[in-house]
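Below: the structure, in structure tokens.
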Amino acid sequence: GKSRVGRSGVERTPPRSSPPQITQLNQMFHKHYELTQTRADAFLAKSFLLKSAMYERAAAAGGVAVRKLCLEGGAPSSVLDVIRNGRFEPCAVGTSFGPIWSVQWFMVECTVPEEFAGKEVHLLWDSSCEALLFSAEGTPLQSMTGTTDDTQRNTFIFAKSALAKQTARFYLQVACNEMFGNSPGWECGPEPPPKSRTFSLKQAELVAFNRHVWELYWDLYVIADVAKNLPENTQAARSALWAANEAVNICQLDDPASIVKASEALRHYIKEQAGHSTLHAITAVGHCHIDTAWLWTYQVTRGKSARSWVAQLRNAEMYPGFCFAVSQAQQFAWVKEDFPSLFSEIQRAVKAGSFALVGGTWVEMDCNIPSGESLVRQFVYGQRFFKKEFGVTCDVFWLPDTFGYSAQLPQIMKGVGIDYFLTQKLSWNETNKFPYSTFLWEGLDGESRVLTHFPPADTYNARVDAKECLMTESNNKDRERCAKSLMLYGHGDGGGGPQMQMLERLQRFSAGIAGLPSVKLGSPSAFFHDLSRDTSKLLTWSGELYFEKHRGTYTSQAKNKYWNRKCEVLLHDIECLFAFAALQNRLENYPQEEIARLWKLLLLNQFHDVLPGSSIGLVYKDSDAHYRDIQTSGAKLIDVAVSLLVGPFRAEPNASCLIACNTLPFARSEVVSLGSDSLALIDAPAMGFTVLPTPTGAPAGDVTCTRTEGGLFALENTWLYAEIDARDGTVVTLCAKAEPEAGQPQRRSQSAVPRGRHANRFVIYDDTPNYWDNWDLDAFHLEKPITVDAESHTFVEQTDCGPLRASLRVQIQLTRKCNIIQVISLSANSRRLEFHLQVDWTEAHRVLKVEFPVNVHTPVATYETQFGSVQRATNTNTSWEAARFEVCGHKWADLSEHGFGMALLNDSKYGYSARQNTLWLTLLRAGKMPDENADMGTHSFAYAAVPHFGSLQESGVIEEAAAFNDPLIVRPAQLHGFAQQPQSFQLVTHRSAEGQMAVGVMLDTLKLADDYEESKQKRVVARFYECHGGSHDTRLFVLNATRIEEVNLLEEDPRPVPDAQLHFSPFQLRTVAFTLSE
């Protein structure tokens, strides 16, 4: 656009308030609108003069001398070790270094050139990777990220007004990885990093910074951005473009006064716009999502946390009102350990309000796979850390990037003092657009509700531009009910957080610009508190927040999921056994710190890119080491706890006694292995233990295995009858047997396997997702089964024939790259047919499932979830039902009709699917990105089938699944001390109001109170949940308890439990503390 020439011949700019002249300008702009936009954009472009004019370079080179640390003596232990003992050698721009994932150190000595005296001087550093700048004393000062994209942060303010010849020394810790690790490809998922890659020092210099140019740049950027994104035919767009063009006309880069004048003109325009925003209000919150591990390891994240957060401390110093939301207690714990002075700065920032603590969890965990107790502990350890270190209890659960949200989360949140929830991940849904932005989320119990917000910009990494502001308003799905939204801005995933550029734009947007929503800086808590003042218009979403994407994460990295389940069970047992000891007054020293350490290791590896299986291979080397630590250390703690119960013992194969501990809330009769192919049938009381002589002589049992004339193996015991095809190991018949009645033949159920169908049939599908290899299991995988001829490559033989166990060994060469050895077994007194597998798996882009058709008709399948169960449709009547072609279940899934059904149990699997009357359990995948070796090798796991009479609630399936996953803890031992005679203890029971064993209420966790060591009052804590979806009254009986109180999940807010009676509503979670007698 150009200035108009008036009748006098004098060129002038018409005032914007003149309607006739605006009309003329609109005509001109209509003709040259795009041309004028391009002119403003070109003026802002990096290749043009304005941005380059921000920095004045010295006549002589740089004013910076760089030296690199020699690492021949090994990596330094700390920055102070570098400062005190480091040996540095001179280097220069262009120096290469590496390898990937290593940490290098540089020393930088700066001298201000004389021509920079009195000017604002910046240090520019670009090492083409992540770096952290330290003072000469070892204090972290600034993150220095060298990249070629907009995540670059290469500037440190050396001095606001420098002195000639002013000197300073700095140290830089350089991490040889980019913000997204070292994986180059993203078109179809990240590729494995090239091991030969190195990095180079691209820039190290002092420059004089022209703040006037900086201010003009962002003034012009914002106004031109508004003009570009508002509809062309609006007054607001035309006025913005006029103002931008006018500023370009005024500015002469060789004339400092014109730069100021151009900026003043734009500021005047912005001031004129105040009060003309739309009705929608945006609260902008700084955010920096740091994946605790993903395309990098935990060790790399320790540095990412420090680099990202120190940059936000600098932002807080420069921009009043800046608020930065930060989560994940684990990352704070690392910073406290590695960078104590930085941690102290953050503590002060939290107190000042510039850092807002959110989340309340140890890490931003996966919410599909962890057990209910694991989710509780995420909050317990997170909230306790924030309270101890910052004096803050989080009230916002912050989980923007997790792959689905359990239906029990609202109840758990309420139990730890959290009323609000934020995510945006469901904006990724492939099939159905989630219908709400701001709503009430109701949990599985039907009573717990949390105020929930999905930022309408559909990102947690907003860049803060006009397009995102407009999308925040236009994409708000609750316009009639709520005119407020959050915008989370800052670079994330690999860290980084808000940049000065974003804050400059925010300052201008917050002034109020016509055509845009109003924007203000604020905190998440303040935003939610404001929303909560009136929720009467908000709609309610009930149940799980199912994520219509990344369904492969229920299965990928199967060994990782296997050890997660085993470690969850182990920690449950450890805590339970020590509680047994306390209830018997036999506990003097409780290893609370060691148990907490093991819990935190487990919780760390439940991070939402680790447990789901979507990280690089190096991460799983770390998690494998952590799981070995938990298993090894946990086994020692089990032995310590057992010795407290029965006195000192010496474990021996041929010992005279057996110690059997049952950490589940129901009595069990279970076949256990004593080694050397020796079996024993042991009865153990609920929540207790027994000591008995080692069985001698021939065992008594009820199991038989016969070969039928039809080429089948028939396995039978008191409770179950099964027929196995001798050709391929599939199940032809599977019947439950009713309770024996005197004088009557025992009744069998119908077969759970439909006539003409076979269960336990392995199927393989092509599994090549469009994107996100190890994440996604796309629906079209079901369209491409891989043809296998298992029967011609299968060998079945009988290995055990009773009386305690009958077993068949099945060897199947399913494909050239999939060999399965399966042991099918039925044990005495058991209601489940078990399948124990060893699979050699070297496939690529294929998925292995096992199929169980069930002889029932039902519109829903029921799956175990955390502290309860959920029902999902078995049909595809709607797009919402069709999208659930693969779902997450925990230890069991069940298909039942009135009077009969079958459940499929597992010991480490999570991916299920159910269509019509068939259940599939997904066993293994073979994705190649980001870990090219994911799931390759040998896998061991088990599943089981339980046919049953009656409904799911009447079937005992929940108890069978718990026992399948948590066997009796048995120690053959020579006892020394008080417990040399057989004895049995039942320590905690809960009964119905009529005095019967309580049905429908599960005692999930028994542990010592978290303050057990510090408190004078010794408490044992029990966590119960209603598991049938009904209401129950329960009375508690506890050995040596003097007081019974209900507490929240943080074991706070005690409330009396009159007469030791509790009422449970459907799927209600309740925690009770028992104070022990002195």
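Ordering of the structure tokens sets the chain letters (A, B, ...), residue numbers begin anew at 1 in every chain, and ligands are numbered from 1 in the order given.
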Per residue of range 760-807 of chain A within 12 Å of range 710-732 of chain A, note the shortest atom pair and the distance in Å to one decimal, counting only C-alpha atoms, and order the rows by chain and increasing residue number, as a Markdown table.
```
| residue | atom | partner | partner_atom | distance |
| --- | --- | --- | --- | --- |
| A:Asn760 | CA | A:Thr730 | CA | 5.1 |
| A:Arg761 | CA | A:Thr730 | CA | 5.8 |
| A:Phe762 | CA | A:Thr730 | CA | 8.9 |
| A:Asp789 | CA | A:Asp728 | CA | 10.0 |
| A:Ala790 | CA | A:Asp728 | CA | 6.9 |
| A:Glu791 | CA | A:Asp728 | CA | 5.1 |
| A:Ser792 | CA | A:Asp728 | CA | 8.3 |
| A:His793 | CA | A:Asp728 | CA | 8.4 |
| A:Thr794 | CA | A:Asp728 | CA | 5.6 |
| A:Phe795 | CA | A:Asp728 | CA | 7.1 |
| A:Val796 | CA | A:Ala726 | CA | 5.9 |
| A:Glu797 | CA | A:Ala726 | CA | 7.9 |
| A:Gln798 | CA | A:Phe713 | CA | 8.5 |
| A:Thr799 | CA | A:Phe713 | CA | 11.8 |
| A:Asp800 | CA | A:Leu715 | CA | 10.7 |
| A:Cys801 | CA | A:Leu715 | CA | 8.9 |
| A:Gly802 | CA | A:Asn717 | CA | 9.6 |
| A:Pro803 | CA | A:Asn717 | CA | 9.2 |
| A:Leu804 | CA | A:Asn717 | CA | 9.3 |
| A:Arg805 | CA | A:Asn717 | CA | 9.2 |
| A:Ala806 | CA | A:Leu715 | CA | 6.9 |
| A:Ser807 | CA | A:Leu715 | CA | 8.4 |
```
Counting only C-alpha atoms, what is within 10 Å of range 865-869 of chain A, bar same-chain residues fewer than 2 positions away, as a compact mmCIF listing (two decimals) with all heavy atoms, in the first residue's frame?
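Saved result, around10.txt, follows:
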```txt
# COMPACT_ATOMS: atom_id res chain seq x y z
N CYS A 367 -2.04 -44.10 31.81
CA CYS A 367 -3.23 -44.33 32.64
C CYS A 367 -4.02 -45.56 32.20
O CYS A 367 -5.09 -45.82 32.75
CB CYS A 367 -4.12 -43.11 32.63
SG CYS A 367 -3.43 -41.71 33.51
N ASN A 368 -3.52 -46.30 31.23
CA ASN A 368 -4.18 -47.53 30.81
C ASN A 368 -3.65 -48.74 31.55
O ASN A 368 -4.41 -49.55 32.07
CB ASN A 368 -3.97 -47.74 29.30
CG ASN A 368 -4.74 -46.75 28.46
OD1 ASN A 368 -5.90 -46.47 28.71
ND2 ASN A 368 -4.09 -46.20 27.45
N ILE A 369 -2.33 -48.89 31.62
CA ILE A 369 -1.72 -50.14 32.03
C ILE A 369 -1.43 -50.23 33.53
O ILE A 369 -1.61 -51.30 34.12
CB ILE A 369 -0.42 -50.35 31.20
CG1 ILE A 369 -0.80 -50.53 29.73
CG2 ILE A 369 0.37 -51.54 31.70
CD1 ILE A 369 0.34 -50.41 28.78
N PRO A 370 -1.00 -49.20 34.22
CA PRO A 370 -0.70 -49.34 35.65
C PRO A 370 -1.92 -49.81 36.45
O PRO A 370 -3.07 -49.51 36.12
CB PRO A 370 -0.30 -47.92 36.06
CG PRO A 370 0.18 -47.28 34.81
CD PRO A 370 -0.69 -47.84 33.73
N SER A 371 -1.65 -50.56 37.51
CA SER A 371 -2.72 -51.00 38.40
C SER A 371 -3.33 -49.82 39.13
O SER A 371 -2.78 -48.70 39.13
CB SER A 371 -2.16 -51.98 39.42
OG SER A 371 -1.28 -51.31 40.31
N GLY A 372 -4.47 -50.05 39.76
CA GLY A 372 -5.09 -48.99 40.54
C GLY A 372 -4.17 -48.49 41.63
O GLY A 372 -4.06 -47.27 41.85
N GLU A 373 -3.49 -49.40 42.30
CA GLU A 373 -2.60 -48.97 43.38
C GLU A 373 -1.42 -48.18 42.84
O GLU A 373 -0.96 -47.23 43.47
CB GLU A 373 -2.11 -50.18 44.18
CG GLU A 373 -1.37 -49.83 45.46
CD GLU A 373 -2.20 -49.03 46.45
OE1 GLU A 373 -3.45 -49.15 46.44
OE2 GLU A 373 -1.60 -48.28 47.25
N SER A 374 -0.95 -48.53 41.66
CA SER A 374 0.14 -47.74 41.05
C SER A 374 -0.32 -46.32 40.77
O SER A 374 0.43 -45.36 40.99
CB SER A 374 0.61 -48.40 39.75
OG SER A 374 1.33 -49.58 40.02
N LEU A 375 -1.54 -46.15 40.26
CA LEU A 375 -2.04 -44.80 40.03
C LEU A 375 -2.13 -44.03 41.35
O LEU A 375 -1.76 -42.85 41.41
CB LEU A 375 -3.41 -44.85 39.36
CG LEU A 375 -3.47 -45.38 37.92
CD1 LEU A 375 -4.88 -45.28 37.38
CD2 LEU A 375 -2.51 -44.63 37.00
N SER A 406 -8.24 -43.64 32.44
CA SER A 406 -9.03 -44.63 33.14
C SER A 406 -10.27 -44.00 33.77
O SER A 406 -10.25 -42.88 34.29
CB SER A 406 -8.19 -45.28 34.23
OG SER A 406 -8.99 -45.96 35.17
N ALA A 407 -11.35 -44.78 33.79
CA ALA A 407 -12.60 -44.32 34.37
C ALA A 407 -12.52 -44.11 35.87
O ALA A 407 -13.37 -43.43 36.45
CB ALA A 407 -13.72 -45.32 34.06
N GLN A 408 -11.51 -44.66 36.53
CA GLN A 408 -11.38 -44.49 37.97
C GLN A 408 -10.57 -43.26 38.35
O GLN A 408 -10.48 -42.93 39.55
CB GLN A 408 -10.72 -45.72 38.62
CG GLN A 408 -11.68 -46.84 38.99
CD GLN A 408 -12.62 -46.49 40.15
OE1 GLN A 408 -12.87 -45.32 40.43
NE2 GLN A 408 -13.15 -47.50 40.80
N LEU A 409 -10.02 -42.55 37.39
CA LEU A 409 -9.19 -41.39 37.73
C LEU A 409 -9.94 -40.30 38.50
O LEU A 409 -9.39 -39.75 39.46
CB LEU A 409 -8.57 -40.81 36.46
CG LEU A 409 -7.30 -41.51 35.98
CD1 LEU A 409 -6.90 -41.02 34.60
CD2 LEU A 409 -6.15 -41.33 36.96
N ILE A 412 -9.92 -41.25 42.13
CA ILE A 412 -8.57 -41.18 42.69
C ILE A 412 -8.15 -39.73 42.88
O ILE A 412 -7.57 -39.36 43.91
CB ILE A 412 -7.58 -41.94 41.78
CG1 ILE A 412 -7.90 -43.44 41.78
CG2 ILE A 412 -6.14 -41.71 42.24
CD1 ILE A 412 -7.10 -44.24 40.78
N LEU A 444 -15.99 -43.83 37.46
CA LEU A 444 -16.63 -45.14 37.41
C LEU A 444 -17.63 -45.33 38.55
O LEU A 444 -18.61 -46.06 38.41
CB LEU A 444 -15.55 -46.23 37.47
CG LEU A 444 -15.97 -47.67 37.25
CD1 LEU A 444 -16.55 -47.86 35.85
CD2 LEU A 444 -14.77 -48.61 37.46
N ASP A 445 -17.39 -44.66 39.66
CA ASP A 445 -18.28 -44.80 40.82
C ASP A 445 -19.58 -44.03 40.66
O ASP A 445 -20.49 -44.17 41.48
CB ASP A 445 -17.57 -44.36 42.09
CG ASP A 445 -17.15 -42.89 42.05
OD1 ASP A 445 -16.92 -42.37 40.95
OD2 ASP A 445 -17.06 -42.27 43.12
N GLU A 544 -14.73 -43.83 31.05
CA GLU A 544 -13.37 -43.67 30.55
C GLU A 544 -13.30 -42.65 29.42
O GLU A 544 -14.27 -42.42 28.69
CB GLU A 544 -12.82 -45.01 30.06
CG GLU A 544 -13.52 -45.56 28.82
CD GLU A 544 -12.92 -46.85 28.33
OE1 GLU A 544 -11.70 -47.06 28.49
OE2 GLU A 544 -13.66 -47.68 27.77
N THR A 862 -16.96 -57.39 29.40
CA THR A 862 -16.56 -56.71 30.62
C THR A 862 -15.06 -56.91 30.82
O THR A 862 -14.56 -58.04 30.67
CB THR A 862 -17.32 -57.25 31.84
OG1 THR A 862 -18.72 -57.20 31.57
CG2 THR A 862 -17.03 -56.42 33.07
N TYR A 863 -14.38 -55.83 31.12
CA TYR A 863 -12.92 -55.86 31.26
C TYR A 863 -12.53 -55.29 32.63
O TYR A 863 -13.09 -54.28 33.08
CB TYR A 863 -12.25 -54.99 30.20
CG TYR A 863 -12.62 -55.33 28.77
CD1 TYR A 863 -13.78 -54.80 28.20
CD2 TYR A 863 -11.82 -56.15 28.00
CE1 TYR A 863 -14.13 -55.09 26.90
CE2 TYR A 863 -12.15 -56.44 26.68
CZ TYR A 863 -13.32 -55.91 26.14
OH TYR A 863 -13.65 -56.21 24.84
N GLN A 871 -17.60 -51.97 30.93
CA GLN A 871 -18.25 -52.73 29.87
C GLN A 871 -18.12 -51.96 28.56
O GLN A 871 -18.27 -50.74 28.52
CB GLN A 871 -19.72 -52.96 30.19
CG GLN A 871 -19.95 -53.92 31.35
CD GLN A 871 -21.41 -54.26 31.53
OE1 GLN A 871 -22.29 -53.45 31.26
NE2 GLN A 871 -21.68 -55.48 32.00
N CYS A 888 -8.11 -51.69 26.23
CA CYS A 888 -7.23 -52.08 27.32
C CYS A 888 -8.02 -52.80 28.41
O CYS A 888 -9.07 -52.33 28.84
CB CYS A 888 -6.54 -50.85 27.91
SG CYS A 888 -5.32 -51.24 29.19
N GLY A 889 -7.52 -53.92 28.84
CA GLY A 889 -8.05 -54.63 29.99
C GLY A 889 -6.89 -55.06 30.86
O GLY A 889 -5.76 -55.20 30.39
N HIS A 890 -7.16 -55.30 32.13
CA HIS A 890 -6.09 -55.70 33.03
C HIS A 890 -6.04 -57.23 33.15
O HIS A 890 -5.76 -57.90 32.16
CB HIS A 890 -6.25 -54.99 34.37
CG HIS A 890 -5.73 -53.59 34.32
ND1 HIS A 890 -5.10 -52.96 35.37
CD2 HIS A 890 -5.72 -52.68 33.32
CE1 HIS A 890 -4.73 -51.75 35.04
NE2 HIS A 890 -5.11 -51.55 33.78
N LYS A 891 -6.34 -57.80 34.28
CA LYS A 891 -6.07 -59.22 34.50
C LYS A 891 -7.13 -60.13 33.89
O LYS A 891 -6.91 -61.33 33.81
CB LYS A 891 -5.94 -59.49 36.00
CG LYS A 891 -4.75 -58.79 36.65
CD LYS A 891 -4.53 -59.21 38.10
CE LYS A 891 -5.59 -58.71 39.03
NZ LYS A 891 -5.51 -57.25 39.23
N TRP A 892 -8.27 -59.60 33.47
CA TRP A 892 -9.31 -60.46 32.90
C TRP A 892 -10.25 -59.68 31.99
O TRP A 892 -10.38 -58.47 32.11
CB TRP A 892 -10.11 -61.16 34.00
CG TRP A 892 -10.76 -60.23 35.00
CD1 TRP A 892 -10.24 -59.84 36.20
CD2 TRP A 892 -12.03 -59.57 34.89
NE1 TRP A 892 -11.11 -58.98 36.84
CE2 TRP A 892 -12.21 -58.81 36.07
CE3 TRP A 892 -13.04 -59.56 33.92
CZ2 TRP A 892 -13.35 -58.03 36.28
CZ3 TRP A 892 -14.18 -58.79 34.12
CH2 TRP A 892 -14.33 -58.04 35.31
N ALA A 893 -10.88 -60.45 31.10
CA ALA A 893 -12.00 -59.97 30.31
C ALA A 893 -13.03 -61.08 30.28
O ALA A 893 -12.68 -62.27 30.32
CB ALA A 893 -11.56 -59.60 28.90
N ILE A 958 -12.99 -62.67 39.38
CA ILE A 958 -12.09 -61.65 39.93
C ILE A 958 -11.07 -62.29 40.86
O ILE A 958 -9.87 -61.97 40.81
CB ILE A 958 -12.91 -60.55 40.63
CG1 ILE A 958 -13.82 -59.86 39.63
CG2 ILE A 958 -11.99 -59.54 41.30
CD1 ILE A 958 -14.84 -58.92 40.26
N MET A 1002 -13.49 -55.92 47.70
CA MET A 1002 -12.14 -56.49 47.58
C MET A 1002 -11.16 -55.69 48.41
O MET A 1002 -11.11 -54.46 48.30
CB MET A 1002 -11.71 -56.49 46.11
CG MET A 1002 -10.34 -57.10 45.87
SD MET A 1002 -10.27 -58.88 46.13
CE MET A 1002 -11.16 -59.48 44.70
N ASP A 1004 -7.78 -54.66 48.44
CA ASP A 1004 -6.76 -54.60 47.39
C ASP A 1004 -5.36 -54.45 47.95
O ASP A 1004 -4.42 -55.07 47.46
CB ASP A 1004 -7.07 -53.43 46.45
CG ASP A 1004 -6.09 -53.34 45.30
OD1 ASP A 1004 -6.33 -54.02 44.28
OD2 ASP A 1004 -5.09 -52.61 45.41
N PHE A 1024 -9.80 -50.77 50.20
CA PHE A 1024 -10.87 -51.63 49.69
C PHE A 1024 -11.52 -50.98 48.47
O PHE A 1024 -11.53 -49.76 48.34
CB PHE A 1024 -11.97 -51.83 50.74
CG PHE A 1024 -11.51 -52.44 52.03
CD1 PHE A 1024 -11.01 -51.65 53.06
CD2 PHE A 1024 -11.61 -53.81 52.24
CE1 PHE A 1024 -10.61 -52.20 54.26
CE2 PHE A 1024 -11.21 -54.37 53.44
CZ PHE A 1024 -10.71 -53.57 54.46
N TYR A 1025 -12.09 -51.80 47.61
CA TYR A 1025 -12.96 -51.25 46.57
C TYR A 1025 -14.10 -52.21 46.30
O TYR A 1025 -13.98 -53.43 46.49
CB TYR A 1025 -12.18 -50.95 45.29
CG TYR A 1025 -11.74 -52.15 44.48
CD1 TYR A 1025 -12.50 -52.61 43.40
CD2 TYR A 1025 -10.55 -52.81 44.76
CE1 TYR A 1025 -12.10 -53.70 42.65
CE2 TYR A 1025 -10.13 -53.90 44.01
CZ TYR A 1025 -10.91 -54.35 42.96
OH TYR A 1025 -10.52 -55.43 42.22
N GLU A 1026 -15.22 -51.67 45.88
CA GLU A 1026 -16.36 -52.47 45.50
C GLU A 1026 -16.12 -52.95 44.07
O GLU A 1026 -15.88 -52.14 43.18
CB GLU A 1026 -17.64 -51.62 45.58
CG GLU A 1026 -18.92 -52.44 45.64
CD GLU A 1026 -19.27 -53.09 44.31
OE1 GLU A 1026 -19.08 -52.42 43.27
OE2 GLU A 1026 -19.70 -54.25 44.31
N CYS A 1027 -16.19 -54.25 43.83
CA CYS A 1027 -15.74 -54.79 42.55
C CYS A 1027 -16.85 -55.32 41.67
O CYS A 1027 -16.59 -55.72 40.53
CB CYS A 1027 -14.69 -55.87 42.78
SG CYS A 1027 -15.26 -57.26 43.80
N HIS A 1028 -18.11 -55.35 42.15
CA HIS A 1028 -19.20 -55.94 41.37
C HIS A 1028 -20.13 -54.91 40.74
O HIS A 1028 -21.01 -55.27 39.96
CB HIS A 1028 -20.02 -56.88 42.25
CG HIS A 1028 -19.34 -58.16 42.54
ND1 HIS A 1028 -19.80 -59.06 43.48
CD2 HIS A 1028 -18.20 -58.71 42.03
CE1 HIS A 1028 -18.99 -60.10 43.52
NE2 HIS A 1028 -18.00 -59.91 42.65
N GLY A 1029 -19.97 -53.65 41.10
CA GLY A 1029 -20.89 -52.66 40.58
C GLY A 1029 -22.20 -52.61 41.33
O GLY A 1029 -23.23 -52.27 40.76
N PRO A 1066 -21.41 -48.63 44.30
CA PRO A 1066 -20.73 -49.28 43.17
C PRO A 1066 -19.35 -48.69 42.86
O PRO A 1066 -19.19 -47.49 42.70
CB PRO A 1066 -21.70 -49.06 42.01
CG PRO A 1066 -23.04 -49.00 42.67
CD PRO A 1066 -22.80 -48.28 43.96
N PHE A 1067 -18.36 -49.58 42.81
CA PHE A 1067 -16.98 -49.27 42.44
C PHE A 1067 -16.36 -48.18 43.34
O PHE A 1067 -15.44 -47.47 42.92
CB PHE A 1067 -16.87 -48.87 40.97
CG PHE A 1067 -17.32 -49.94 40.03
CD1 PHE A 1067 -18.39 -49.74 39.16
CD2 PHE A 1067 -16.69 -51.18 40.02
CE1 PHE A 1067 -18.82 -50.74 38.30
CE2 PHE A 1067 -17.12 -52.19 39.16
CZ PHE A 1067 -18.18 -51.96 38.30
N GLN A 1068 -16.86 -48.08 44.55
CA GLN A 1068 -16.32 -47.09 45.47
C GLN A 1068 -14.98 -47.57 46.04
O GLN A 1068 -14.80 -48.74 46.35
CB GLN A 1068 -17.29 -46.82 46.62
CG GLN A 1068 -16.84 -45.69 47.55
CD GLN A 1068 -17.85 -45.40 48.63
OE1 GLN A 1068 -18.79 -46.17 48.85
NE2 GLN A 1068 -17.68 -44.29 49.31
N LEU A 1069 -14.07 -46.65 46.18
CA LEU A 1069 -12.74 -46.89 46.72
C LEU A 1069 -12.67 -46.25 48.10
O LEU A 1069 -12.96 -45.07 48.26
CB LEU A 1069 -11.69 -46.26 45.79
CG LEU A 1069 -10.22 -46.35 46.17
CD1 LEU A 1069 -9.76 -47.80 46.20
CD2 LEU A 1069 -9.38 -45.55 45.16
```
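Relative to CA of Asn560 in chain A, CA of Leu837 in chain A is found at 16.7 Å.
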Those of range 77-184 of chain A in DSSP helix (DSSP H, G or I), formatted as a ChimeraX atom specification = /A:79-85,114-116
What is the CA of Gly901 in chain A to CA of Asn829 in chain A distance in Å?
-> 19.6 Å
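These are the residues of range 290-431 of chain A assigned strand (DSSP E) by DSSP from backbone coordinates: Phe324, Ala325, Val326, Phe355, Ala356, Leu357, Val396, Phe397, Trp398, Tyr420, Phe421 and Leu422 of chain A.
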Take the residues that were just selected and, keeping C-alpha atoms, output them as a PDB file, in the first residue's frame.
```
ATOM      1  CA  PHE A 324       4.972 -21.307  34.094  1.00  0.00           C
ATOM      2  CA  ALA A 325       3.121 -24.577  34.814  1.00  0.00           C
ATOM      3  CA  VAL A 326       5.391 -27.488  35.642  1.00  0.00           C
ATOM      4  CA  PHE A 355       6.222 -21.294  38.762  1.00  0.00           C
ATOM      5  CA  ALA A 356       2.873 -23.078  39.187  1.00  0.00           C
ATOM      6  CA  LEU A 357       3.038 -26.707  40.314  1.00  0.00           C
ATOM      7  CA  VAL A 396      -4.940 -29.657  38.954  1.00  0.00           C
ATOM      8  CA  PHE A 397      -4.206 -33.093  37.485  1.00  0.00           C
ATOM      9  CA  TRP A 398      -2.131 -32.235  34.421  1.00  0.00           C
ATOM     10  CA  TYR A 420      -9.514 -30.233  38.218  1.00  0.00           C
ATOM     11  CA  PHE A 421      -8.179 -32.088  35.188  1.00  0.00           C
ATOM     12  CA  LEU A 422      -6.495 -30.956  31.969  1.00  0.00           C
TER      13      LEU A 422
END
```
At a cut-off of 8 Å, using only C-alpha atoms, what residues contact range 479-484 of chain A? Leave out same-chain residues fewer than 2 positions from it and give the result as a CSV table (one decimal) with N, CA and C atoms, in the first residue's frame.
```
chain,number,residue,atom,x,y,z
A,279,LEU,N,-15.7,-11.8,22.8
A,279,LEU,CA,-16.3,-12.2,24.1
A,279,LEU,C,-15.5,-13.3,24.7
A,280,HIS,N,-14.7,-14.1,23.9
A,280,HIS,CA,-14.0,-15.2,24.5
A,280,HIS,C,-12.7,-14.7,25.2
A,281,ALA,N,-12.4,-15.4,26.4
A,281,ALA,CA,-11.3,-15.0,27.2
A,281,ALA,C,-10.3,-16.1,27.3
A,282,ILE,N,-9.0,-15.8,26.9
A,282,ILE,CA,-8.0,-16.8,27.0
A,282,ILE,C,-7.0,-16.5,28.1
A,283,THR,N,-6.8,-17.6,28.9
A,283,THR,CA,-5.7,-17.5,29.9
A,283,THR,C,-4.5,-18.2,29.4
A,438,THR,N,-15.0,-28.0,27.8
A,438,THR,CA,-15.0,-27.8,29.3
A,438,THR,C,-16.3,-28.5,29.8
A,476,ASN,N,-13.8,-23.9,20.4
A,476,ASN,CA,-14.4,-24.1,21.7
A,476,ASN,C,-15.8,-24.8,21.5
A,477,LYS,N,-15.9,-26.0,22.0
A,477,LYS,CA,-17.2,-26.8,21.7
A,477,LYS,C,-18.3,-26.5,22.7
A,486,LEU,N,-8.0,-22.1,28.3
A,486,LEU,CA,-6.6,-22.1,28.5
A,486,LEU,C,-5.8,-22.2,27.2
A,531,LEU,N,-13.5,-20.9,36.7
A,531,LEU,CA,-14.5,-21.7,36.0
A,531,LEU,C,-15.4,-22.3,37.0
A,537,LYS,N,-24.1,-24.9,33.9
A,537,LYS,CA,-24.4,-25.1,32.5
A,537,LYS,C,-23.6,-26.2,31.9
A,538,LEU,N,-22.6,-26.7,32.5
A,538,LEU,CA,-21.6,-27.7,31.9
A,538,LEU,C,-22.3,-29.0,31.8
```
Ser128 in chain A: which residues within 10 Å, counting only C-alpha atoms, same-chain residues fewer than 6 positions away excluded, as a list in words?
-> Met144, Thr145, Gly146, Thr147, Thr148, Gln152, Asn154, Val174, Ala175, Cys176, Asn177, Glu178, Thr198, Phe199, Ser200, Leu201, Lys202 and Gln203 of chain A
Lys51 in chain A environment, 12 Å, only C-alpha atoms, sequence neighbours closer than 2 positions dropped, as a PyMOL selection string | chain A and resi 41-49+53-56+209-218+220-221+253
Near Glu114 in chain A, within 7 Å and counting only C-alpha atoms, which residues show up once chain neighbours fewer than 2 positions away are dropped, as a list in words?
->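 Final neighbour list, sorted by chain and number: Val112, Phe116, Ala117, Ala164 and Lys165 of chain A.
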Of A:Leu503, A:Glu389, A:Arg449, A:Ala65, the one sitting nearest Gln411 in chain A when using only C-alpha atoms is A:Arg449
